[in-house]
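K.L.:
My structure is below; once you've seen it, I'll send some questions.
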Amino acid sequence: MAHFSGPTQLKTSFMIRTRFAPSPTGYLHIGGARTALFSWAYARRHGGQFVLRIEDTDLERSTVESTQAILDAMTWLGLDHDEGPHYQMNRMQDYRDVAQKLLDGGNAYWCYASPDELTEMRESQRAQGLKPRYDGRWRPENAKGKTPPANVKPVLRFRNPDGGEVSWDDLVKGPITVSNQELDDLVLLRTDGVPTYNFGVVVDDWDMKISHVTRGDDHVNNTPRQINIFNALGFELPAFGHVPMILGHDGERLSKRHGAVSVMQYHDEGYLPEALLNYLARLGWGHGDDEVFSVAQFVEWFDLADVSRSPAKFDPAKLDWINQQYLKSADDARLAALVGPVLRLRECDPDQGPALERVVALIKERATSIVELADAAVLFYRALHPVAELKNKFYAAESRPALEALRRRFADLDWQREAIGQAVKEAVTEFKLKMPKVAMPLRVMVTGEPQTPPIDATLELIGRDEVLARMDRELQNFPG
């Protein structure tokens with residue numbers, strides 16, 4: 001890590017370097033994952049570097065478990081970093097060194113206002129109809145003759161410019177200008193010497209040579225404060241891009257009731273990481289009418305200038321559809337490896353029965369998740385007893401002779417899909433029934449379900465002995 005060497009330090013060479021800097025106060029959620037994806041893709045497209053930084057200075061809320069959950073989610077999504085993870089709590093001396101430079105340059109000062117004092121100040125301002133803000137009472141010119149109270153640990157405050165404006169050309173939102181009169185003297189170091197968010201990220205982004213900062217637009221109000229700190233230190237500014245938030249389908253802020261859960265919950269619910277990335281890429285960004293595309297295509301196409309300035313809406317049904325497209329084209333061996341552990345949770349042994357790869361190949365067209373694939377595969381490894389409603393609907397006395405004859409034919413049949421299908425057709429013809437009168441009760445008898453892939457292919461995979469055993473059991477329950 002480069003160490004701070006003073007405000008005259010300049011970047012000696014230019015390389016695009018982006019970063020993702022989550023706080024480990026919870027899991028990685030959809031919004032954070034999309035921000036990480038955009039930052040990662042921008043670096044990858046331009047041959048740059050992607051830095052991972054863990055902003056763990058919220059000592060009360062940061063946890064080791066949350067940190068690991070974030071790292072696990074990034075790994076699962078395939079958002080690999082070139083540098084890091086860096087941890088802010090390992091960089092305390094760097095922040096203190098930069099803080100001292102600000103003090104020495106007259107751009108920071110110690111503030112001894114107590115919490116009670118500050119609360120009283122804000123309440124008084126609100127009573128007067130004013131915006132609550134620090135009033136500069138411990139600025140050097142206002143603190144002349146004051147003796148710092150012995151019982152108050154000071155915080156270090158930044159001396160924000162009194163006049164003028166802060167402007168930047170946002171990579172997503174376009175030109176933004178904020179009056180310095182809207183900003184007050186923010187805290188740089190807390191009483192325990194730990195940096196606040198706005199100070200820590202300035203030091204980190206400079207020290208880590210971050211060229212492009214992409215983050216949610218809830219940080220727009222922080223950016224002018226950070227720019228003023230950059231300027232006070234003589235640091236070169238990175239480019240800023242603020243991505244609009246993600247809303248639920250009802251236009252409200254995204255929450256758990258909209259499906260905004262931990263990224264790793266999508267893993268547990270059977271989504272493929274490339275499908276989730278594809279969906280996240282389409283939240284507020286697009287490339288013509290393209291809906292399904294590879295990560296490599298996304299990297300080739302992505303530009304922050306194409307990110308929408310309007311909030312995106314999260315649609316779980318669309319995510320399911322995209323995941324289904326990826327499942328259809330996924331390698332069967334890979335899917336079998338993912339489905340196997342889920343099957344075991346359903347008291348099925350995929351090693352005792354048909355090859356799971358063949359089962360997956362047969363059923364994956366209909367599934368929207370690995371969990372659905374596993375649920376659909378159960379009938380191949382464990383007999384499912386049809387419910388009374390299905391029996392009442394499909395078990396008819398007129399079908400029994402045909403099914404009994406079919407059972408006898410199955411006993412000596414060359415157990416191949418084509419032969420099974422032909423035997424069913426012959427039973428339909430011989431007993432002068434319509435196909436549903438034979439195929440539907442047969443399906444329910446053997447699978448316990450009214451809908452499956454083609455019955456001949458399904459029976460072939462289940463296997464002759466198991467099919468005969470299930471038919472024997474259910475024929476005992478048949479009317480007639």
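In the structure tokens, chains take the letters A, B, ... in the order shown, each chain's residues start at 1, and ligands count up from 1 in the order shown.
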What are the nearest atom pairs, with distances in Å to one decimal, for all residues of region 169-236 of chain A that come at most 12 Å from region 80-83 of chain A, using only C-alpha atoms, set out by chain and rising residue number as a tab-separated table?
P.N.:
```
residue	atom	partner	partner_atom	distance
A:Met208	CA	A:Glu83	CA	9.4
A:Lys209	CA	A:Glu83	CA	11.6
A:Ile210	CA	A:Glu83	CA	11.5
```
K.L.:
Please produce a file of those selected residues containing N, CA and C atoms, as a short mmCIF file (atom, residue, chain, number, x, y, z; two decimals), in the first residue's frame.
P.N.:
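Full text of again-v9.cif as output:
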```cif
data_model
loop_
_atom_site.label_atom_id
_atom_site.label_comp_id
_atom_site.auth_asym_id
_atom_site.auth_seq_id
_atom_site.Cartn_x
_atom_site.Cartn_y
_atom_site.Cartn_z
N MET A 208 -5.13 4.35 -2.71
CA MET A 208 -5.26 3.15 -3.56
C MET A 208 -5.36 3.50 -5.03
N LYS A 209 -5.15 4.79 -5.34
CA LYS A 209 -5.12 5.28 -6.73
C LYS A 209 -6.40 4.91 -7.50
N ILE A 210 -7.54 5.08 -6.83
CA ILE A 210 -8.83 4.81 -7.48
C ILE A 210 -9.12 5.93 -8.48
#
```
K.L.:
With only C-alpha atoms as the basis for distance, which of A:Ala99, A:Ala330, A:Ala36, A:Ala41 is at the shortest distance from Thr75 (chain A)?
P.N.:
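Residue with the minimum atom-to-atom distance to Thr75 (chain A): A:Ala36.
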K.L.:
Excluding region 242-257 of chain A and residues on its chain fewer than 3 positions from it, collect all residues at most 10 Å away from it, counting only C-alpha atoms, and give them as a PyMOL selection string.
P.N.:
chain A and resi 29-31+34-35+38+170-174+213-220+223+260-262+283-284+304+307-316
K.L.:
For Pro238 (chain A), find every residue with an atom within 12 Å (counting only C-alpha atoms), except residues of its own chain fewer than 5 positions away, and show them as a PDB file with N, CA and C atoms, in the first residue's frame.
P.N.:
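Written out: selection_0.pdb:
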```pdb
ATOM      1  N   LYS A  11      -0.498  11.418  -9.051  1.00  0.00           N
ATOM      2  CA  LYS A  11      -0.437  10.109  -9.666  1.00  0.00           C
ATOM      3  C   LYS A  11       0.562  10.152 -10.831  1.00  0.00           C
ATOM      4  N   PHE A  14      -1.368   6.686 -15.285  1.00  0.00           N
ATOM      5  CA  PHE A  14      -2.818   6.533 -15.226  1.00  0.00           C
ATOM      6  C   PHE A  14      -3.224   5.128 -15.624  1.00  0.00           C
ATOM      7  N   MET A  15      -3.971   4.502 -14.756  1.00  0.00           N
ATOM      8  CA  MET A  15      -4.627   3.235 -15.064  1.00  0.00           C
ATOM      9  C   MET A  15      -6.002   3.299 -14.441  1.00  0.00           C
ATOM     10  N   ILE A  16      -7.001   2.822 -15.172  1.00  0.00           N
ATOM     11  CA  ILE A  16      -8.338   2.802 -14.596  1.00  0.00           C
ATOM     12  C   ILE A  16      -8.362   1.797 -13.456  1.00  0.00           C
ATOM     13  N   ARG A  17      -8.709   2.291 -12.285  1.00  0.00           N
ATOM     14  CA  ARG A  17      -8.818   1.449 -11.090  1.00  0.00           C
ATOM     15  C   ARG A  17     -10.145   1.779 -10.413  1.00  0.00           C
ATOM     16  N   THR A  18     -10.992   0.794 -10.318  1.00  0.00           N
ATOM     17  CA  THR A  18     -12.284   0.964  -9.656  1.00  0.00           C
ATOM     18  C   THR A  18     -12.259   0.205  -8.343  1.00  0.00           C
ATOM     19  N   ARG A  19     -13.277   0.409  -7.556  1.00  0.00           N
ATOM     20  CA  ARG A  19     -13.313  -0.291  -6.256  1.00  0.00           C
ATOM     21  C   ARG A  19     -14.730  -0.585  -5.854  1.00  0.00           C
ATOM     22  N   TRP A 168     -19.138  18.795 -10.157  1.00  0.00           N
ATOM     23  CA  TRP A 168     -18.486  17.685 -10.855  1.00  0.00           C
ATOM     24  C   TRP A 168     -19.417  17.174 -11.948  1.00  0.00           C
ATOM     25  N   ASP A 169     -18.827  16.556 -12.950  1.00  0.00           N
ATOM     26  CA  ASP A 169     -19.594  15.995 -14.055  1.00  0.00           C
ATOM     27  C   ASP A 169     -19.771  14.508 -13.771  1.00  0.00           C
ATOM     28  N   ASP A 170     -20.924  14.181 -13.221  1.00  0.00           N
ATOM     29  CA  ASP A 170     -21.168  12.807 -12.801  1.00  0.00           C
ATOM     30  C   ASP A 170     -21.266  11.891 -14.026  1.00  0.00           C
ATOM     31  N   LEU A 171     -20.629  10.728 -13.945  1.00  0.00           N
ATOM     32  CA  LEU A 171     -20.582   9.799 -15.071  1.00  0.00           C
ATOM     33  C   LEU A 171     -21.947   9.224 -15.417  1.00  0.00           C
ATOM     34  N   VAL A 201     -12.867   7.356   3.138  1.00  0.00           N
ATOM     35  CA  VAL A 201     -12.892   7.003   1.715  1.00  0.00           C
ATOM     36  C   VAL A 201     -12.001   7.928   0.887  1.00  0.00           C
ATOM     37  N   VAL A 202     -11.866   9.179   1.295  1.00  0.00           N
ATOM     38  CA  VAL A 202     -10.972  10.078   0.565  1.00  0.00           C
ATOM     39  C   VAL A 202      -9.532   9.586   0.662  1.00  0.00           C
ATOM     40  N   VAL A 203      -9.108   9.291   1.886  1.00  0.00           N
ATOM     41  CA  VAL A 203      -7.742   8.806   2.079  1.00  0.00           C
ATOM     42  C   VAL A 203      -7.533   7.497   1.322  1.00  0.00           C
ATOM     43  N   ASP A 204      -8.491   6.594   1.440  1.00  0.00           N
ATOM     44  CA  ASP A 204      -8.365   5.290   0.786  1.00  0.00           C
ATOM     45  C   ASP A 204      -8.357   5.417  -0.739  1.00  0.00           C
ATOM     46  N   ASP A 205      -9.299   6.198  -1.276  1.00  0.00           N
ATOM     47  CA  ASP A 205      -9.392   6.302  -2.725  1.00  0.00           C
ATOM     48  C   ASP A 205      -8.133   6.934  -3.312  1.00  0.00           C
ATOM     49  N   TRP A 206      -7.562   7.899  -2.603  1.00  0.00           N
ATOM     50  CA  TRP A 206      -6.305   8.473  -3.091  1.00  0.00           C
ATOM     51  C   TRP A 206      -5.159   7.479  -2.929  1.00  0.00           C
ATOM     52  N   ASP A 207      -5.028   6.933  -1.763  1.00  0.00           N
ATOM     53  CA  ASP A 207      -3.902   6.055  -1.471  1.00  0.00           C
ATOM     54  C   ASP A 207      -3.925   4.812  -2.356  1.00  0.00           C
ATOM     55  N   MET A 208      -5.127   4.346  -2.710  1.00  0.00           N
ATOM     56  CA  MET A 208      -5.265   3.153  -3.555  1.00  0.00           C
ATOM     57  C   MET A 208      -5.356   3.505  -5.034  1.00  0.00           C
ATOM     58  N   LYS A 209      -5.154   4.792  -5.344  1.00  0.00           N
ATOM     59  CA  LYS A 209      -5.120   5.278  -6.734  1.00  0.00           C
ATOM     60  C   LYS A 209      -6.400   4.913  -7.500  1.00  0.00           C
ATOM     61  N   ILE A 210      -7.538   5.083  -6.831  1.00  0.00           N
ATOM     62  CA  ILE A 210      -8.831   4.813  -7.480  1.00  0.00           C
ATOM     63  C   ILE A 210      -9.118   5.930  -8.483  1.00  0.00           C
ATOM     64  N   SER A 211      -9.368   5.551  -9.719  1.00  0.00           N
ATOM     65  CA  SER A 211      -9.627   6.558 -10.751  1.00  0.00           C
ATOM     66  C   SER A 211     -11.106   6.802 -10.968  1.00  0.00           C
ATOM     67  N   HIS A 212     -11.933   5.783 -10.697  1.00  0.00           N
ATOM     68  CA  HIS A 212     -13.372   5.893 -10.944  1.00  0.00           C
ATOM     69  C   HIS A 212     -14.133   5.321  -9.749  1.00  0.00           C
ATOM     70  N   VAL A 213     -14.974   6.150  -9.164  1.00  0.00           N
ATOM     71  CA  VAL A 213     -15.792   5.758  -8.015  1.00  0.00           C
ATOM     72  C   VAL A 213     -17.228   5.581  -8.499  1.00  0.00           C
ATOM     73  N   THR A 214     -17.704   4.340  -8.481  1.00  0.00           N
ATOM     74  CA  THR A 214     -19.094   4.046  -8.837  1.00  0.00           C
ATOM     75  C   THR A 214     -19.808   3.580  -7.586  1.00  0.00           C
ATOM     76  N   THR A 223     -20.644  13.316  -1.814  1.00  0.00           N
ATOM     77  CA  THR A 223     -19.595  13.609  -2.789  1.00  0.00           C
ATOM     78  C   THR A 223     -19.043  15.028  -2.692  1.00  0.00           C
ATOM     79  N   GLN A 226     -16.632  15.167   0.135  1.00  0.00           N
ATOM     80  CA  GLN A 226     -15.380  14.468  -0.152  1.00  0.00           C
ATOM     81  C   GLN A 226     -14.522  15.265  -1.126  1.00  0.00           C
ATOM     82  N   ILE A 227     -15.158  15.891  -2.114  1.00  0.00           N
ATOM     83  CA  ILE A 227     -14.398  16.700  -3.072  1.00  0.00           C
ATOM     84  C   ILE A 227     -13.673  17.827  -2.354  1.00  0.00           C
ATOM     85  N   PHE A 230     -10.635  16.323  -0.753  1.00  0.00           N
ATOM     86  CA  PHE A 230      -9.640  16.083  -1.808  1.00  0.00           C
ATOM     87  C   PHE A 230      -8.912  17.376  -2.154  1.00  0.00           C
ATOM     88  N   ASN A 231      -9.681  18.445  -2.371  1.00  0.00           N
ATOM     89  CA  ASN A 231      -9.084  19.714  -2.784  1.00  0.00           C
ATOM     90  C   ASN A 231      -8.198  20.298  -1.700  1.00  0.00           C
TER      91      ASN A 231
END
```
K.L.:
Between A:Ala21, A:Leu71, A:Ala396, A:Ala43, single out the one closest to Thr57 (chain A), counting only C-alpha atoms.
P.N.:
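Comparing A:Ala21, A:Leu71, A:Ala396, A:Ala43 against Thr57 (chain A), the winner is A:Ala21.
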K.L.:
Neighbouring residues of Val152 (chain A) were defined as those with any atom within 12 Å, considering only C-alpha atoms; residues of the same chain fewer than 2 positions away were excluded. Please report them as JSON, numbers by chain.
P.N.:
{"A": [110, 111, 112, 113, 114, 115, 116, 117, 147, 148, 149, 150, 154, 155, 191, 192]}
K.L.:
In Å, how far is it from CA of Val194 (chain A) to CA of Met92 (chain A)?
P.N.:
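Spanning CA of Val194 (chain A) to CA of Met92 (chain A) is a straight-line distance of 7.0 Å.
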K.L.:
When DSSP works through the backbone of this structure, what residues of region 45-133 of chain A end up as strand (DSSP E), shown as number ranges by chain?
P.N.:
A: 49-54, 83-87, 108-111
K.L.:
Taking the DSSP assignment computed from this structure's backbone, write out as a VMD selection string all residues of region 183-287 of chain A that belong to helix (DSSP H, G or I).
P.N.:
chain A and resid 197 to 207 217 to 219 223 to 233 256 to 258 263 to 268 273 to 281
K.L.:
Just how far from CA of Glu372 (chain A) is CA of Leu77 (chain A), in Å to one decimal?
P.N.:
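Separation of CA of Leu77 (chain A) and CA of Glu372 (chain A): 20.7 Å.
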